[in-house]
Amino acid sequence: MILYPAIDLKDGQCVRLLRGEMSEATVFGEDPAAQAKTFAEAGCEWLHIVDLNGAFEGKPVNGAAVEGILGAVEIPVQLGGGIRDLRTIEFWLSRGVGRVILGTVAVEEPDLVREAAKVFPGQIAVGLDARGGKVATRGWATETDMEVTDLARAFEDAGIAAIIYTDIDRDGAMGGPNVPATAALAGAVDVPVIASGGVSSLDDLMALRDAGGIAGAISGRALYDGKLDLSEALAALRG
């Protein structure tokens, strides 16, 4: 199972939100590129980057910060937030992003996801963010009646590289991930599932790994707070 350190970008800074609320942002760093370099030098295999402003505005906003990160590290980066058309997908992939995450458009324009996965094989992931098992879109501000598992199954044959499943109520709350729901989703589809939201300790990581079938886990606040030791976590996952 791969650990994806999260760098969430708001107004050019590294922040973490509490349950997706932009008003509940804690700034953890002024230099996203330096933070990315720290993660890479620690031995991380991937980075998870989210343009939070972009997720709400529907277009990339923190492009300069993303460019800085791409220039600072050689490990692959997956990027989400405000990416809602083929031109933007192509732009970021051409700039060196390894994988683009599509969230809102997976609900609103599923054909775009299918087209993107065909044009850019192995480089498109779907972000499924949910409250109470129901998918939320547009920076988590809009809730739908769509079940996570139903939407995930709709893309099983599209050729996407991964599904990133976020339990919004767990995100940034340091209360542990929703292991049963994540494992159930991983067991319901053939696409690799990456867990996000609430990963706050080594025990949380081990619980996700031991659940079986979960390909990765994203952690942010716990790494910045020091409640999850990155070196220890990477060693445990590799052991």
# chains A, B, ... in the order shown; residues from 1 in each chain; ligands from 1
>>> residues_around(residues="Ala154 of chain A", least_positions_apart="3", cutoff="10 Å", atoms="only C-alpha atoms", output="list in words")
Ala106, Pro110, Thr149, Asp150, Leu151, Asp157, Ala158 and Val189 of chain A
>>> closest_atom_pairs(of="segment 36-102 of chain A", to="segment 112-126 of chain A", cutoff="12 Å", atoms="only C-alpha atoms", output="Markdown table")
| residue | atom | partner | partner_atom | distance |
| --- | --- | --- | --- | --- |
| A:His48 | CA | A:Ala125 | CA | 11.7 |
| A:Pro76 | CA | A:Gln123 | CA | 10.8 |
| A:Val77 | CA | A:Gln123 | CA | 10.6 |
| A:Gln78 | CA | A:Ala125 | CA | 8.5 |
| A:Leu79 | CA | A:Ala125 | CA | 9.3 |
| A:Gly80 | CA | A:Ala125 | CA | 9.1 |
| A:Gly81 | CA | A:Val126 | CA | 11.5 |
| A:Ile83 | CA | A:Val113 | CA | 10.9 |
| A:Arg84 | CA | A:Leu112 | CA | 8.5 |
| A:Asp85 | CA | A:Leu112 | CA | 7.4 |
| A:Leu86 | CA | A:Ala116 | CA | 6.6 |
| A:Arg87 | CA | A:Ala116 | CA | 10.1 |
| A:Thr88 | CA | A:Ala116 | CA | 10.8 |
| A:Ile89 | CA | A:Ala116 | CA | 7.9 |
| A:Glu90 | CA | A:Phe120 | CA | 8.4 |
| A:Phe91 | CA | A:Phe120 | CA | 11.8 |
| A:Trp92 | CA | A:Gln123 | CA | 10.8 |
| A:Leu93 | CA | A:Gln123 | CA | 8.1 |
| A:Ser94 | CA | A:Phe120 | CA | 10.9 |
| A:Gly96 | CA | A:Gln123 | CA | 11.1 |
| A:Val97 | CA | A:Gln123 | CA | 8.8 |
| A:Gly98 | CA | A:Gln123 | CA | 6.3 |
| A:Arg99 | CA | A:Gln123 | CA | 4.4 |
| A:Val100 | CA | A:Ile124 | CA | 5.1 |
| A:Ile101 | CA | A:Ala125 | CA | 4.6 |
| A:Leu102 | CA | A:Val126 | CA | 4.9 |
>>> closest_residue(among="A:Val135, A:Leu70, A:Ile218, A:Val27", to="Ala195 of chain A", atoms="only C-alpha atoms")
A:Ile218
>>> select_by_dssp(residues="segment 28-210 of chain A", states="helix (DSSP H, G or I)", output="PyMOL selection string")
chain A and resi 32-41+52-57+63-72+86-94+104-108+110-119+148-154+168-170+179-188+202-210
>>> atom_distance(atom1="atom CA of Glu67 of chain A", atom2="atom CA of Glu45 of chain A")
18.6 Å
>>> atom_distance(atom1="atom CA of Asp167 of chain A", atom2="atom CA of Cys44 of chain A")
23.2 Å
>>> residues_around(residues="Thr26 of chain A", least_positions_apart="2", cutoff="9 Å", atoms="only C-alpha atoms", output="list in words")
Cys14, Val15, Arg16, Leu17, Leu18, Glu24 and Phe28 of chain A
>>> residues_around(residues="Gly176 of chain A", least_positions_apart="5", cutoff="8 Å", atoms="only C-alpha atoms", output="MDAnalysis selection string")
chainID A and resid 170 197:201 204
>>> closest_residue(among="A:Pro180, A:Gly175, A:Ile194, A:Gly12", to="Gly216 of chain A", atoms="only C-alpha atoms")
A:Ile194
>>> atom_distance(atom1="atom CA of Asp129 of chain A", atom2="atom CA of Ile69 of chain A")
24.4 Å
>>> closest_residue(among="A:Ala235, A:Ala6, A:Met1, A:Val105", to="Lys59 of chain A", atoms="only C-alpha atoms")
A:Val105
>>> residues_around(residues="Ile2 of chain A", least_positions_apart="5", cutoff="12 Å", atoms="only C-alpha atoms", output="list of chain:residue names")
A:Gly43, A:Cys44, A:Glu45, A:Trp46, A:Leu47, A:His48, A:Pro192, A:Val193, A:Ile194, A:Ala195, A:Leu205, A:Met206, A:Leu208, A:Arg209, A:Gly213, A:Ile214, A:Ala215, A:Gly216, A:Ala217, A:Ile218, A:Ser219, A:Ala233, A:Leu234, A:Ala235, A:Ala236, A:Leu237, A:Arg238
>>> write_last_selection(atoms="N, CA, C and O atoms", output="mmCIF file, in the first residue's frame")
data_model
loop_
_atom_site.group_PDB
_atom_site.id
_atom_site.type_symbol
_atom_site.label_atom_id
_atom_site.label_comp_id
_atom_site.auth_asym_id
_atom_site.auth_seq_id
_atom_site.Cartn_x
_atom_site.Cartn_y
_atom_site.Cartn_z
ATOM 1 N N GLY A 43 11.573 9.733 1.111
ATOM 2 C CA GLY A 43 11.387 8.437 0.456
ATOM 3 C C GLY A 43 9.987 8.156 -0.041
ATOM 4 O O GLY A 43 9.674 7.016 -0.406
ATOM 5 N N CYS A 44 9.127 9.174 -0.089
ATOM 6 C CA CYS A 44 7.766 8.964 -0.593
ATOM 7 C C CYS A 44 7.790 8.643 -2.080
ATOM 8 O O CYS A 44 8.620 9.149 -2.831
ATOM 9 N N GLU A 45 6.859 7.800 -2.502
ATOM 10 C CA GLU A 45 6.790 7.371 -3.900
ATOM 11 C C GLU A 45 5.894 8.275 -4.743
ATOM 12 O O GLU A 45 6.045 8.344 -5.967
ATOM 13 N N TRP A 46 4.926 8.927 -4.109
ATOM 14 C CA TRP A 46 3.963 9.794 -4.788
ATOM 15 C C TRP A 46 3.653 10.980 -3.893
ATOM 16 O O TRP A 46 3.824 10.906 -2.663
ATOM 17 N N LEU A 47 3.108 12.048 -4.514
ATOM 18 C CA LEU A 47 2.531 13.164 -3.774
ATOM 19 C C LEU A 47 1.098 13.377 -4.250
ATOM 20 O O LEU A 47 0.783 13.173 -5.416
ATOM 21 N N HIS A 48 0.250 13.809 -3.329
ATOM 22 C CA HIS A 48 -1.152 14.100 -3.627
ATOM 23 C C HIS A 48 -1.359 15.598 -3.443
ATOM 24 O O HIS A 48 -1.231 16.127 -2.338
ATOM 25 N N PRO A 192 -8.101 0.172 -8.623
ATOM 26 C CA PRO A 192 -7.410 0.429 -7.355
ATOM 27 C C PRO A 192 -8.058 1.580 -6.582
ATOM 28 O O PRO A 192 -8.374 2.617 -7.170
ATOM 29 N N VAL A 193 -8.259 1.386 -5.283
ATOM 30 C CA VAL A 193 -8.893 2.398 -4.432
ATOM 31 C C VAL A 193 -7.864 2.968 -3.461
ATOM 32 O O VAL A 193 -7.138 2.224 -2.788
ATOM 33 N N ILE A 194 -7.814 4.300 -3.391
ATOM 34 C CA ILE A 194 -6.934 5.019 -2.476
ATOM 35 C C ILE A 194 -7.799 5.679 -1.414
ATOM 36 O O ILE A 194 -8.757 6.388 -1.736
ATOM 37 N N ALA A 195 -7.463 5.455 -0.155
ATOM 38 C CA ALA A 195 -8.250 5.990 0.960
ATOM 39 C C ALA A 195 -7.804 7.397 1.315
ATOM 40 O O ALA A 195 -6.609 7.710 1.304
ATOM 41 N N LEU A 205 -3.033 3.571 9.360
ATOM 42 C CA LEU A 205 -2.442 3.060 8.121
ATOM 43 C C LEU A 205 -2.454 1.539 8.097
ATOM 44 O O LEU A 205 -2.784 0.915 7.086
ATOM 45 N N MET A 206 -2.081 0.940 9.217
ATOM 46 C CA MET A 206 -2.033 -0.517 9.279
ATOM 47 C C MET A 206 -3.432 -1.120 9.153
ATOM 48 O O MET A 206 -3.613 -2.187 8.556
ATOM 49 N N LEU A 208 -5.908 0.119 7.411
ATOM 50 C CA LEU A 208 -6.258 0.170 5.988
ATOM 51 C C LEU A 208 -5.510 -0.900 5.211
ATOM 52 O O LEU A 208 -6.095 -1.589 4.366
ATOM 53 N N ARG A 209 -4.230 -1.050 5.502
ATOM 54 C CA ARG A 209 -3.442 -2.072 4.804
ATOM 55 C C ARG A 209 -3.987 -3.472 5.090
ATOM 56 O O ARG A 209 -4.154 -4.299 4.179
ATOM 57 N N GLY A 213 -6.942 -5.132 -0.133
ATOM 58 C CA GLY A 213 -7.494 -4.592 -1.364
ATOM 59 C C GLY A 213 -7.377 -3.091 -1.541
ATOM 60 O O GLY A 213 -7.719 -2.562 -2.596
ATOM 61 N N ILE A 214 -6.917 -2.369 -0.518
ATOM 62 C CA ILE A 214 -6.784 -0.914 -0.610
ATOM 63 C C ILE A 214 -5.372 -0.588 -1.108
ATOM 64 O O ILE A 214 -4.384 -0.998 -0.516
ATOM 65 N N ALA A 215 -5.308 0.156 -2.216
ATOM 66 C CA ALA A 215 -4.030 0.356 -2.900
ATOM 67 C C ALA A 215 -3.173 1.463 -2.305
ATOM 68 O O ALA A 215 -1.954 1.469 -2.481
ATOM 69 N N GLY A 216 -3.809 2.408 -1.627
ATOM 70 C CA GLY A 216 -3.049 3.527 -1.101
ATOM 71 C C GLY A 216 -3.820 4.291 -0.045
ATOM 72 O O GLY A 216 -5.019 4.067 0.153
ATOM 73 N N ALA A 217 -3.118 5.193 0.638
ATOM 74 C CA ALA A 217 -3.747 6.030 1.655
ATOM 75 C C ALA A 217 -3.127 7.414 1.615
ATOM 76 O O ALA A 217 -1.911 7.559 1.467
ATOM 77 N N ILE A 218 -3.974 8.422 1.736
ATOM 78 C CA ILE A 218 -3.538 9.818 1.732
ATOM 79 C C ILE A 218 -3.566 10.339 3.162
ATOM 80 O O ILE A 218 -4.522 10.101 3.902
ATOM 81 N N SER A 219 -2.510 11.055 3.546
ATOM 82 C CA SER A 219 -2.490 11.666 4.878
ATOM 83 C C SER A 219 -1.909 13.062 4.765
ATOM 84 O O SER A 219 -0.958 13.293 4.015
ATOM 85 N N ALA A 233 6.187 5.426 9.115
ATOM 86 C CA ALA A 233 5.082 4.948 8.293
ATOM 87 C C ALA A 233 5.562 4.274 7.014
ATOM 88 O O ALA A 233 5.102 3.185 6.644
ATOM 89 N N LEU A 234 6.546 4.899 6.356
ATOM 90 C CA LEU A 234 7.071 4.313 5.120
ATOM 91 C C LEU A 234 7.764 2.985 5.396
ATOM 92 O O LEU A 234 7.617 2.030 4.626
ATOM 93 N N ALA A 235 8.505 2.925 6.489
ATOM 94 C CA ALA A 235 9.181 1.682 6.845
ATOM 95 C C ALA A 235 8.190 0.572 7.139
ATOM 96 O O ALA A 235 8.360 -0.588 6.730
ATOM 97 N N ALA A 236 7.114 0.899 7.838
ATOM 98 C CA ALA A 236 6.097 -0.104 8.190
ATOM 99 C C ALA A 236 5.388 -0.625 6.945
ATOM 100 O O ALA A 236 5.128 -1.835 6.818
ATOM 101 N N LEU A 237 5.082 0.268 6.014
ATOM 102 C CA LEU A 237 4.379 -0.157 4.801
ATOM 103 C C LEU A 237 5.271 -1.012 3.914
ATOM 104 O O LEU A 237 4.799 -1.920 3.238
ATOM 105 N N ARG A 238 6.549 -0.727 3.925
ATOM 106 C CA ARG A 238 7.476 -1.494 3.090
ATOM 107 C C ARG A 238 7.875 -2.807 3.746
ATOM 108 O O ARG A 238 8.335 -3.725 3.081
#
>>> closest_residue(among="A:Glu21, A:Glu74, A:Asp190, A:Asp8", to="Ala40 of chain A", atoms="only C-alpha atoms")
A:Glu74
